[in-house]
file data_0.cif (mmCIF, C-alpha atoms, pLDDT in the B column; chains and numbers go by the auth columns)
data_entry
#
loop_
_atom_site.group_PDB
_atom_site.id
_atom_site.type_symbol
_atom_site.label_atom_id
_atom_site.label_comp_id
_atom_site.label_asym_id
_atom_site.label_seq_id
_atom_site.Cartn_x
_atom_site.Cartn_y
_atom_site.Cartn_z
_atom_site.B_iso_or_equiv
_atom_site.auth_seq_id
_atom_site.auth_asym_id
ATOM 1 C CA MET A 1 -16.863 -0.019 -1.274 62.00 1 A
ATOM 2 C CA SER A 2 -13.280 -1.020 -0.614 90.00 2 A
ATOM 3 C CA THR A 3 -10.420 -1.374 -3.073 97.00 3 A
ATOM 4 C CA ARG A 4 -9.016 -4.751 -2.131 98.00 4 A
ATOM 5 C CA SER A 5 -5.455 -5.884 -2.813 98.00 5 A
ATOM 6 C CA TYR A 6 -2.908 -8.594 -2.228 98.00 6 A
ATOM 7 C CA ILE A 7 0.477 -7.741 -0.776 98.00 7 A
ATOM 8 C CA ALA A 8 3.123 -10.359 -1.500 98.00 8 A
ATOM 9 C CA LYS A 9 6.818 -11.077 -1.213 98.00 9 A
ATOM 10 C CA GLN A 10 8.389 -13.274 -3.852 98.00 10 A
ATOM 11 C CA ILE A 11 10.064 -16.177 -2.060 98.00 11 A
ATOM 12 C CA SER A 12 11.144 -18.204 -5.085 97.00 12 A
ATOM 13 C CA GLU A 13 10.431 -18.317 -8.804 94.00 13 A
ATOM 14 C CA ASN A 14 6.853 -19.489 -8.225 96.00 14 A
ATOM 15 C CA GLN A 15 6.154 -18.853 -4.528 98.00 15 A
ATOM 16 C CA TYR A 16 4.749 -15.686 -2.993 98.00 16 A
ATOM 17 C CA LYS A 17 4.089 -15.112 0.691 98.00 17 A
ATOM 18 C CA THR A 18 0.804 -13.216 0.504 98.00 18 A
ATOM 19 C CA ILE A 19 -1.651 -11.308 2.656 98.00 19 A
ATOM 20 C CA TYR A 20 -4.971 -9.696 1.824 98.00 20 A
ATOM 21 C CA CYS A 21 -5.613 -5.991 2.428 98.00 21 A
ATOM 22 C CA HIS A 22 -9.244 -4.883 2.435 98.00 22 A
ATOM 23 C CA SER A 23 -8.990 -1.116 1.942 97.00 23 A
ATOM 24 C CA ASP A 24 -7.312 1.485 -0.266 97.00 24 A
ATOM 25 C CA GLY A 25 -5.491 -0.907 -2.579 98.00 25 A
ATOM 26 C CA TYR A 26 -4.990 1.657 -5.339 97.00 26 A
ATOM 27 C CA LEU A 27 -1.521 2.804 -6.380 98.00 27 A
ATOM 28 C CA THR A 28 -1.554 6.218 -4.689 98.00 28 A
ATOM 29 C CA HIS A 29 -2.336 4.681 -1.301 98.00 29 A
ATOM 30 C CA ASN A 30 -1.117 1.114 -0.844 98.00 30 A
ATOM 31 C CA GLY A 31 1.434 1.300 -3.656 98.00 31 A
ATOM 32 C CA ALA A 32 2.937 4.533 -2.336 98.00 32 A
ATOM 33 C CA MET A 33 2.866 3.327 1.261 98.00 33 A
ATOM 34 C CA LEU A 34 4.498 -0.001 0.429 98.00 34 A
ATOM 35 C CA PHE A 35 7.242 1.775 -1.519 98.00 35 A
ATOM 36 C CA ASP A 36 7.852 4.386 1.190 98.00 36 A
ATOM 37 C CA HIS A 37 7.542 2.227 4.312 98.00 37 A
ATOM 38 C CA TYR A 38 7.949 -1.444 3.371 98.00 38 A
ATOM 39 C CA SER A 39 10.887 -1.591 0.958 98.00 39 A
ATOM 40 C CA ASP A 40 13.042 -3.053 3.716 97.00 40 A
ATOM 41 C CA ALA A 41 12.724 -6.858 3.571 97.00 41 A
ATOM 42 C CA ASP A 42 12.758 -7.241 7.371 97.00 42 A
ATOM 43 C CA LYS A 43 9.980 -4.691 7.863 98.00 43 A
ATOM 44 C CA LEU A 44 7.992 -6.318 5.051 98.00 44 A
ATOM 45 C CA ASP A 45 8.384 -9.689 6.779 98.00 45 A
ATOM 46 C CA GLU A 46 7.026 -8.127 9.969 98.00 46 A
ATOM 47 C CA LEU A 47 4.021 -6.830 8.014 98.00 47 A
ATOM 48 C CA LEU A 48 3.386 -10.200 6.382 98.00 48 A
ATOM 49 C CA ASN A 49 3.625 -11.928 9.766 98.00 49 A
ATOM 50 C CA LEU A 50 0.546 -9.955 10.869 98.00 50 A
ATOM 51 C CA GLY A 51 -1.513 -11.857 8.317 98.00 51 A
ATOM 52 C CA ASP A 52 -4.480 -10.330 6.518 98.00 52 A
ATOM 53 C CA ILE A 53 -5.148 -6.677 7.235 98.00 53 A
ATOM 54 C CA SER A 54 -8.048 -4.321 6.953 97.00 54 A
ATOM 55 C CA TYR A 55 -5.956 -1.200 6.445 96.00 55 A
ATOM 56 C CA LEU A 56 -2.300 -0.533 5.582 98.00 56 A
ATOM 57 C CA ALA A 57 -0.487 2.235 7.469 98.00 57 A
ATOM 58 C CA PRO A 58 3.126 3.325 7.986 98.00 58 A
ATOM 59 C CA ASN A 59 3.423 1.729 11.431 97.00 59 A
ATOM 60 C CA ILE A 60 3.024 -1.954 12.152 98.00 60 A
ATOM 61 C CA ASN A 61 2.821 -1.911 15.932 96.00 61 A
ATOM 62 C CA PRO A 62 0.566 0.266 18.047 97.00 62 A
ATOM 63 C CA ASP A 63 1.744 2.151 21.108 96.00 63 A
ATOM 64 C CA PRO A 64 1.107 -0.423 23.879 95.00 64 A
ATOM 65 C CA SER A 65 0.139 2.305 26.349 95.00 65 A
ATOM 66 C CA MET A 66 -2.869 3.315 24.223 94.00 66 A
ATOM 67 C CA PRO A 67 -5.916 1.395 22.981 92.00 67 A
ATOM 68 C CA HIS A 68 -5.810 0.013 19.459 93.00 68 A
ATOM 69 C CA SER A 69 -8.467 -2.277 18.068 92.00 69 A
ATOM 70 C CA PHE A 70 -10.582 -2.935 15.019 93.00 70 A
ATOM 71 C CA LYS A 71 -13.181 -0.440 16.274 91.00 71 A
ATOM 72 C CA TYR A 72 -12.929 2.945 14.524 88.00 72 A
ATOM 73 C CA ASP A 73 -12.944 4.924 17.763 91.00 73 A
ATOM 74 C CA GLU A 74 -10.138 2.788 19.244 91.00 74 A
ATOM 75 C CA ARG A 75 -7.654 2.877 16.372 94.00 75 A
ATOM 76 C CA GLN A 76 -4.322 4.612 16.606 95.00 76 A
ATOM 77 C CA ASP A 77 -3.556 6.936 13.702 95.00 77 A
ATOM 78 C CA GLY A 78 -0.870 5.663 11.374 96.00 78 A
ATOM 79 C CA VAL A 79 -1.044 2.056 12.621 97.00 79 A
ATOM 80 C CA ILE A 80 -2.057 -0.980 10.580 98.00 80 A
ATOM 81 C CA VAL A 81 -5.407 -2.546 11.433 97.00 81 A
ATOM 82 C CA ALA A 82 -5.005 -6.344 11.366 98.00 82 A
ATOM 83 C CA TYR A 83 -7.756 -8.944 11.437 98.00 83 A
ATOM 84 C CA GLY A 84 -5.955 -11.342 13.770 97.00 84 A
ATOM 85 C CA ARG A 85 -4.201 -8.989 16.164 97.00 85 A
ATOM 86 C CA ASP A 86 -6.891 -6.306 16.355 96.00 86 A
ATOM 87 C CA ARG A 87 -10.119 -8.273 15.987 96.00 87 A
ATOM 88 C CA GLY A 88 -9.137 -11.778 17.024 97.00 88 A
ATOM 89 C CA ASP A 89 -9.971 -13.441 13.695 98.00 89 A
ATOM 90 C CA LYS A 90 -8.582 -16.924 13.059 98.00 90 A
ATOM 91 C CA ASP A 91 -7.057 -18.379 9.886 98.00 91 A
ATOM 92 C CA VAL A 92 -5.825 -15.017 8.614 98.00 92 A
ATOM 93 C CA GLU A 93 -2.115 -15.793 8.483 98.00 93 A
ATOM 94 C CA ALA A 94 -0.084 -15.140 5.322 98.00 94 A
ATOM 95 C CA LYS A 95 -0.461 -17.809 2.669 98.00 95 A
ATOM 96 C CA MET A 96 1.998 -19.196 0.160 98.00 96 A
ATOM 97 C CA PHE A 97 0.603 -18.694 -3.329 98.00 97 A
ATOM 98 C CA SER A 98 1.884 -19.862 -6.660 98.00 98 A
ATOM 99 C CA GLN A 99 1.905 -17.232 -9.397 97.00 99 A
ATOM 100 C CA ARG A 100 -1.277 -18.774 -10.802 97.00 100 A
ATOM 101 C CA GLN A 101 -3.026 -18.451 -7.425 98.00 101 A
ATOM 102 C CA LEU A 102 -1.729 -14.927 -6.862 98.00 102 A
ATOM 103 C CA THR A 103 -2.905 -13.629 -10.234 98.00 103 A
ATOM 104 C CA SER A 104 -6.128 -15.616 -10.465 97.00 104 A
ATOM 105 C CA THR A 105 -9.159 -13.693 -11.678 97.00 105 A
ATOM 106 C CA ASP A 106 -11.223 -15.590 -9.111 96.00 106 A
ATOM 107 C CA THR A 107 -10.707 -12.872 -6.477 94.00 107 A
ATOM 108 C CA TRP A 108 -12.250 -9.697 -5.164 95.00 108 A
ATOM 109 C CA CYS A 109 -8.844 -8.002 -5.275 97.00 109 A
ATOM 110 C CA ALA A 110 -8.355 -5.169 -7.739 98.00 110 A
ATOM 111 C CA TYR A 111 -4.571 -4.882 -7.326 98.00 111 A
ATOM 112 C CA ILE A 112 -1.639 -7.151 -6.545 98.00 112 A
ATOM 113 C CA TYR A 113 1.600 -5.781 -5.074 98.00 113 A
ATOM 114 C CA VAL A 114 4.755 -7.895 -5.143 98.00 114 A
ATOM 115 C CA PHE A 115 8.128 -7.200 -3.555 98.00 115 A
ATOM 116 C CA ASN A 116 10.156 -9.153 -6.072 98.00 116 A
ATOM 117 C CA LYS A 117 13.526 -10.917 -5.944 97.00 117 A
ATOM 118 C CA ASP A 118 15.198 -7.663 -7.105 97.00 118 A
ATOM 119 C CA ASN A 119 13.842 -5.919 -3.967 97.00 119 A
ATOM 120 C CA GLN A 120 11.532 -3.781 -6.075 98.00 120 A
ATOM 121 C CA TRP A 121 7.825 -3.183 -5.617 98.00 121 A
ATOM 122 C CA VAL A 122 5.808 -4.043 -8.706 98.00 122 A
ATOM 123 C CA TYR A 123 2.068 -4.178 -9.153 98.00 123 A
ATOM 124 C CA GLY A 124 -0.569 -5.450 -11.500 98.00 124 A
ATOM 125 C CA ARG A 125 -4.070 -6.768 -11.694 98.00 125 A
ATOM 126 C CA PRO A 126 -5.635 -10.211 -11.531 98.00 126 A
ATOM 127 C CA GLY A 127 -5.198 -12.033 -14.822 97.00 127 A
ATOM 128 C CA GLN A 128 -1.803 -10.471 -15.566 97.00 128 A
ATOM 129 C CA ASP A 129 1.426 -12.422 -15.500 96.00 129 A
ATOM 130 C CA VAL A 130 3.766 -11.131 -12.793 96.00 130 A
ATOM 131 C CA SER A 131 6.385 -10.500 -15.500 96.00 131 A
ATOM 132 C CA GLU A 132 3.997 -7.847 -16.878 97.00 132 A
ATOM 133 C CA PHE A 133 3.655 -6.023 -13.545 98.00 133 A
ATOM 134 C CA ARG A 134 4.827 -2.417 -13.471 98.00 134 A
ATOM 135 C CA ASN A 135 7.328 -0.766 -11.167 98.00 135 A
ATOM 136 C CA VAL A 136 5.472 1.052 -8.367 98.00 136 A
ATOM 137 C CA LYS A 137 7.843 4.023 -8.119 98.00 137 A
ATOM 138 C CA GLU A 138 7.875 4.611 -11.870 98.00 138 A
ATOM 139 C CA GLU A 139 4.105 4.359 -12.083 98.00 139 A
ATOM 140 C CA LEU A 140 3.650 6.783 -9.170 98.00 140 A
ATOM 141 C CA ASP A 141 5.907 9.276 -10.962 97.00 141 A
ATOM 142 C CA ILE A 142 3.904 8.862 -14.183 97.00 142 A
ATOM 143 C CA THR A 143 0.587 9.161 -12.351 97.00 143 A
ATOM 144 C CA TYR A 144 1.526 12.429 -10.659 97.00 144 A
ATOM 145 C CA SER A 145 3.074 13.809 -13.852 96.00 145 A
ATOM 146 C CA HIS A 146 -0.376 13.526 -15.473 96.00 146 A
ATOM 147 C CA TYR A 147 -1.442 16.176 -12.965 95.00 147 A
ATOM 148 C CA ASP A 148 1.647 18.314 -13.727 94.00 148 A
ATOM 149 C CA MET A 149 3.150 17.768 -10.309 93.00 149 A
ATOM 150 C CA GLU A 150 5.744 15.785 -8.429 91.00 150 A
ATOM 151 C CA ARG A 151 4.569 13.198 -5.962 94.00 151 A
ATOM 152 C CA PRO A 152 4.050 14.937 -2.619 92.00 152 A
ATOM 153 C CA GLU A 153 5.919 13.432 0.290 90.00 153 A
ATOM 154 C CA GLY A 154 3.692 11.666 2.791 92.00 154 A
ATOM 155 C CA TYR A 155 0.463 11.757 0.781 95.00 155 A
ATOM 156 C CA TYR A 156 -1.380 8.448 0.722 97.00 156 A
ATOM 157 C CA GLY A 157 -4.857 8.648 -0.700 95.00 157 A
ATOM 158 C CA TYR A 158 -7.093 8.714 -3.701 94.00 158 A
ATOM 159 C CA LEU A 159 -5.949 11.029 -6.474 95.00 159 A
ATOM 160 C CA SER A 160 -8.445 13.023 -8.516 95.00 160 A
ATOM 161 C CA GLU A 161 -8.351 16.418 -10.252 96.00 161 A
ATOM 162 C CA GLU A 162 -9.692 18.085 -7.106 96.00 162 A
ATOM 163 C CA VAL A 163 -7.201 16.359 -4.816 96.00 163 A
ATOM 164 C CA ALA A 164 -4.335 17.115 -7.207 96.00 164 A
ATOM 165 C CA ASP A 165 -5.313 20.793 -7.226 95.00 165 A
ATOM 166 C CA LEU A 166 -5.256 20.868 -3.405 95.00 166 A
ATOM 167 C CA LEU A 167 -1.908 19.082 -3.272 95.00 167 A
ATOM 168 C CA LYS A 168 -0.410 21.476 -5.840 93.00 168 A
ATOM 169 C CA GLU A 169 -1.700 24.419 -3.815 92.00 169 A
ATOM 170 C CA ARG A 170 -0.044 23.014 -0.674 90.00 170 A
ATOM 171 C CA GLN A 171 3.221 22.458 -2.556 87.00 171 A
ATOM 172 C CA SER A 172 3.112 26.029 -3.880 85.00 172 A
ATOM 173 C CA ASP A 173 2.397 27.425 -0.401 84.00 173 A
ATOM 174 C CA ALA A 174 5.279 25.413 1.070 81.00 174 A
ATOM 175 C CA GLN A 175 7.656 26.647 -1.645 78.00 175 A
ATOM 176 C CA THR A 176 6.600 30.252 -1.036 82.00 176 A
ATOM 177 C CA GLU A 177 7.078 29.850 2.713 80.00 177 A
ATOM 178 C CA SER A 178 10.509 28.295 2.200 73.00 178 A
ATOM 179 C CA GLN A 179 11.563 31.128 -0.106 77.00 179 A
ATOM 180 C CA GLU A 180 10.379 33.721 2.406 78.00 180 A
ATOM 181 C CA GLN A 181 12.382 32.054 5.188 80.00 181 A
ATOM 182 C CA THR A 182 15.608 32.171 3.144 74.00 182 A
ATOM 183 C CA MET A 183 15.254 35.930 2.478 67.00 183 A
#

call {"tool": "encode", "arguments": {"input": "data_0.cif", "output": "structure tokens"}}
result
Amino acid sequence: MSTRSYIAKQISENQYKTIYCHSDGYLTHNGAMLFDHYSDADKLDELLNLGDISYLAPNINPDPSMPHSFKYDERQDGVIVAYGRDRGDKDVEAKMFSQRQLTSTDTWCAYIYVFNKDNQWVYGRPGQDVSEFRNVKEELDITYSHYDMERPEGYYGYLSEEVADLLKERQSDAQTESQEQTM
């Protein structure tokens, strides 16, 4: 089962350029990745110009010298998988939504991410007013603090007790290694 989401850029008070993302829409994946890699308006525009995507990744464009397609065994690591570019689907371009359309409960999406007019990523759920959306960075900090840890750099994935324990162990090992190198 996929965690579907919308990714949108606020264009005006009631217009949002929006794409659909099929997988990993939860805060610790898509939210973190959008904050880390798509907080630049030009790069976000490039992402939105791809249209609907299956999977969000740090890189928009694949290495042209290597295969990259919708097929699992032909995907480049760290590169977005797009329905139009990588599978040839039609009618998958970004759509202009009103706030009512964006936040409608008549969707399969679990999360909605908006790069707002203040150049901040906020997120919420269908049925919420955009003014009630929460700041992605603040919510990531709160989420990781529940596990008594700081958000690890470069981690994009589901967060559970087991995963948090592994991430804390890695952070501890890295700190120990760093301390040993300075001695």

call {"tool": "atom_distance", "arguments": {"input": "data_0.cif", "atom1": "CA of Tyr83 (chain A)", "atom2": "CA of Asp118 (chain A)"}}
result
29.5 Å

call {"tool": "residues_around", "arguments": {"input": "data_0.cif", "residues": "Asn116 (chain A)", "least_positions_apart": "5", "cutoff": "7 Å", "atoms": "all atoms listed in the file", "output": "list in words"}}
result
Lys9, Gln10 and Trp121 of chain A

call {"tool": "resolve_selection", "arguments": {"input": "data_0.cif", "expression": "the PyMOL selection byres ((chain A and resi 35) around 12)", "output": "PyMOL selection string"}}
result
chain A and resi 7+27-34+36-41+43-44+57-58+113-115+119-123+135-140+153-154+156

call {"tool": "atom_distance", "arguments": {"input": "data_0.cif", "atom1": "CA of Gln171 (chain A)", "atom2": "CA of Met149 (chain A)"}}
result
9.1 Å

call {"tool": "residues_around", "arguments": {"input": "data_0.cif", "residues": "Gln101 (chain A)", "least_positions_apart": "2", "cutoff": "12 Å", "atoms": "all atoms listed in the file", "output": "ChimeraX atom specification"}}
result
/A:6,8,14-18,95-99,103-107,112,126-130

call {"tool": "residues_around", "arguments": {"input": "data_0.cif", "residues": "Pro152 (chain A)", "least_positions_apart": "5", "cutoff": "10 Å", "atoms": "all atoms listed in the file", "output": "ChimeraX atom specification"}}
result
/A:144,164,167-168,170-171

call {"tool": "residues_near_point", "arguments": {"input": "data_0.cif", "point": "(-7.2, -11.1, 7.5)", "cutoff": "9 Å", "atoms": "only C-alpha atoms", "output": "list in words"}}
result
Ile19, Tyr20, Cys21, His22, Leu50, Gly51, Asp52, Ile53, Ser54, Ala82, Tyr83, Gly84, Asp89, Lys90, Asp91, Val92, Glu93 and Ala94 of chain A

call {"tool": "atom_distance", "arguments": {"input": "data_0.cif", "atom1": "CA of Glu13 (chain A)", "atom2": "CA of Leu56 (chain A)"}}
result
26.2 Å

call {"tool": "closest_residue", "arguments": {"input": "data_0.cif", "among": "A:Arg85, A:His146, A:Arg75, A:Arg4", "to": "Arg125 (chain A)", "atoms": "all atoms listed in the file"}}
result
A:Arg4

call {"tool": "axis_aligned_box", "arguments": {"input": "data_0.cif", "around": "region 9-14 of chain A", "padding_each_side": "8 Å", "output": "lines of an AutoDock Vina configuration file"}}
result
center_x = 9.0
center_y = -15.3
center_z = -5.0
size_x = 20.3
size_y = 24.4
size_z = 23.6

call {"tool": "closest_residue", "arguments": {"input": "data_0.cif", "among": "A:Ala174, A:Leu166, A:Ile80, A:Met66", "to": "Leu48 (chain A)", "atoms": "only C-alpha atoms"}}
result
A:Ile80

call {"tool": "closest_residue", "arguments": {"input": "data_0.cif", "among": "A:Gly124, A:Tyr55, A:Asp141, A:Ser178", "to": "Leu102 (chain A)", "atoms": "all atoms listed in the file"}}
result
A:Gly124

call {"tool": "residues_around", "arguments": {"input": "data_0.cif", "residues": "Gln76 (chain A)", "least_positions_apart": "3", "cutoff": "12 Å", "atoms": "only C-alpha atoms", "output": "list in words"}}
result
Tyr55, Ala57, Pro58, Asn59, Ile60, Asn61, Pro62, Asp63, Pro64, Ser65, Met66, Pro67, His68, Ser69, Phe70, Lys71, Tyr72, Asp73, Val79, Ile80, Val81 and Asp86 of chain A

call {"tool": "decode", "arguments": {"input": "data_0.cif", "residues": "region 152-176 of chain A", "atoms": "N, CA, C and O atoms", "output": "CSV table (one decimal), in the first residue's frame"}}
result
chain,number,residue,atom,x,y,z
A,152,PRO,N,18.4,12.9,11.7
A,152,PRO,CA,19.6,12.5,11.0
A,152,PRO,C,19.7,13.1,9.6
A,152,PRO,O,18.7,13.0,8.8
A,153,GLU,N,20.8,13.6,9.2
A,153,GLU,CA,21.0,14.1,7.9
A,153,GLU,C,20.9,13.0,6.8
A,153,GLU,O,21.5,12.0,7.0
A,154,GLY,N,20.1,13.3,5.8
A,154,GLY,CA,20.0,12.4,4.7
A,154,GLY,C,19.2,11.1,4.9
A,154,GLY,O,19.1,10.3,4.0
A,155,TYR,N,18.4,11.1,6.0
A,155,TYR,CA,17.5,9.9,6.2
A,155,TYR,C,16.1,10.3,5.6
A,155,TYR,O,15.5,11.3,6.1
A,156,TYR,N,15.6,9.5,4.7
A,156,TYR,CA,14.3,9.7,4.2
A,156,TYR,C,13.6,8.3,4.2
A,156,TYR,O,13.9,7.4,3.4
A,157,GLY,N,12.7,8.1,5.2
A,157,GLY,CA,12.0,6.9,5.3
A,157,GLY,C,11.1,6.8,6.4
A,157,GLY,O,10.9,7.8,7.1
A,158,TYR,N,10.4,5.7,6.5
A,158,TYR,CA,9.4,5.5,7.6
A,158,TYR,C,10.2,5.5,8.9
A,158,TYR,O,11.2,5.0,9.1
A,159,LEU,N,9.5,6.1,9.9
A,159,LEU,CA,10.1,6.2,11.3
A,159,LEU,C,9.3,5.4,12.3
A,159,LEU,O,8.1,5.7,12.4
A,160,SER,N,9.9,4.4,12.9
A,160,SER,CA,9.3,3.6,13.9
A,160,SER,C,10.3,3.5,15.1
A,160,SER,O,11.4,4.0,15.0
A,161,GLU,N,9.9,2.9,16.1
A,161,GLU,CA,10.8,2.7,17.3
A,161,GLU,C,12.1,2.0,16.8
A,161,GLU,O,13.2,2.3,17.2
A,162,GLU,N,11.9,0.9,16.0
A,162,GLU,CA,13.0,0.1,15.6
A,162,GLU,C,14.0,0.9,14.7
A,162,GLU,O,15.2,0.9,14.9
A,163,VAL,N,13.4,1.7,13.8
A,163,VAL,CA,14.2,2.5,12.9
A,163,VAL,C,14.9,3.6,13.7
A,163,VAL,O,16.1,3.9,13.5
A,164,ALA,N,14.2,4.2,14.6
A,164,ALA,CA,14.8,5.3,15.5
A,164,ALA,C,16.0,4.7,16.2
A,164,ALA,O,17.0,5.3,16.4
A,165,ASP,N,15.8,3.5,16.8
A,165,ASP,CA,16.9,2.9,17.5
A,165,ASP,C,18.2,2.7,16.6
A,165,ASP,O,19.3,2.9,17.0
A,166,LEU,N,17.9,2.2,15.4
A,166,LEU,CA,19.0,2.0,14.4
A,166,LEU,C,19.7,3.4,14.1
A,166,LEU,O,20.9,3.5,14.0
A,167,LEU,N,18.9,4.4,13.9
A,167,LEU,CA,19.4,5.7,13.5
A,167,LEU,C,20.2,6.3,14.7
A,167,LEU,O,21.3,6.9,14.5
A,168,LYS,N,19.7,6.1,15.9
A,168,LYS,CA,20.5,6.6,17.1
A,168,LYS,C,21.8,5.9,17.2
A,168,LYS,O,22.8,6.5,17.6
A,169,GLU,N,21.8,4.6,17.0
A,169,GLU,CA,23.0,3.8,17.0
A,169,GLU,C,24.0,4.3,16.0
A,169,GLU,O,25.2,4.5,16.3
A,170,ARG,N,23.6,4.6,14.8
A,170,ARG,CA,24.5,5.1,13.8
A,170,ARG,C,25.0,6.5,14.2
A,170,ARG,O,26.2,6.8,14.0
A,171,GLN,N,24.1,7.3,14.7
A,171,GLN,CA,24.6,8.7,15.2
A,171,GLN,C,25.6,8.5,16.3
A,171,GLN,O,26.6,9.2,16.3
A,172,SER,N,25.4,7.6,17.2
A,172,SER,CA,26.4,7.4,18.3
A,172,SER,C,27.7,6.9,17.8
A,172,SER,O,28.8,7.3,18.2
A,173,ASP,N,27.6,5.9,16.8
A,173,ASP,CA,28.9,5.4,16.2
A,173,ASP,C,29.6,6.5,15.5
A,173,ASP,O,30.9,6.5,15.6
A,174,ALA,N,28.9,7.3,14.8
A,174,ALA,CA,29.6,8.4,14.1
A,174,ALA,C,30.2,9.4,15.0
A,174,ALA,O,31.3,9.9,14.8
A,175,GLN,N,29.5,9.7,16.1
A,175,GLN,CA,30.1,10.6,17.1
A,175,GLN,C,31.4,10.0,17.7
A,175,GLN,O,32.4,10.7,17.9
A,176,THR,N,31.3,8.7,18.1
A,176,THR,CA,32.5,8.1,18.6
A,176,THR,C,33.7,8.1,17.7
A,176,THR,O,34.8,8.4,18.0
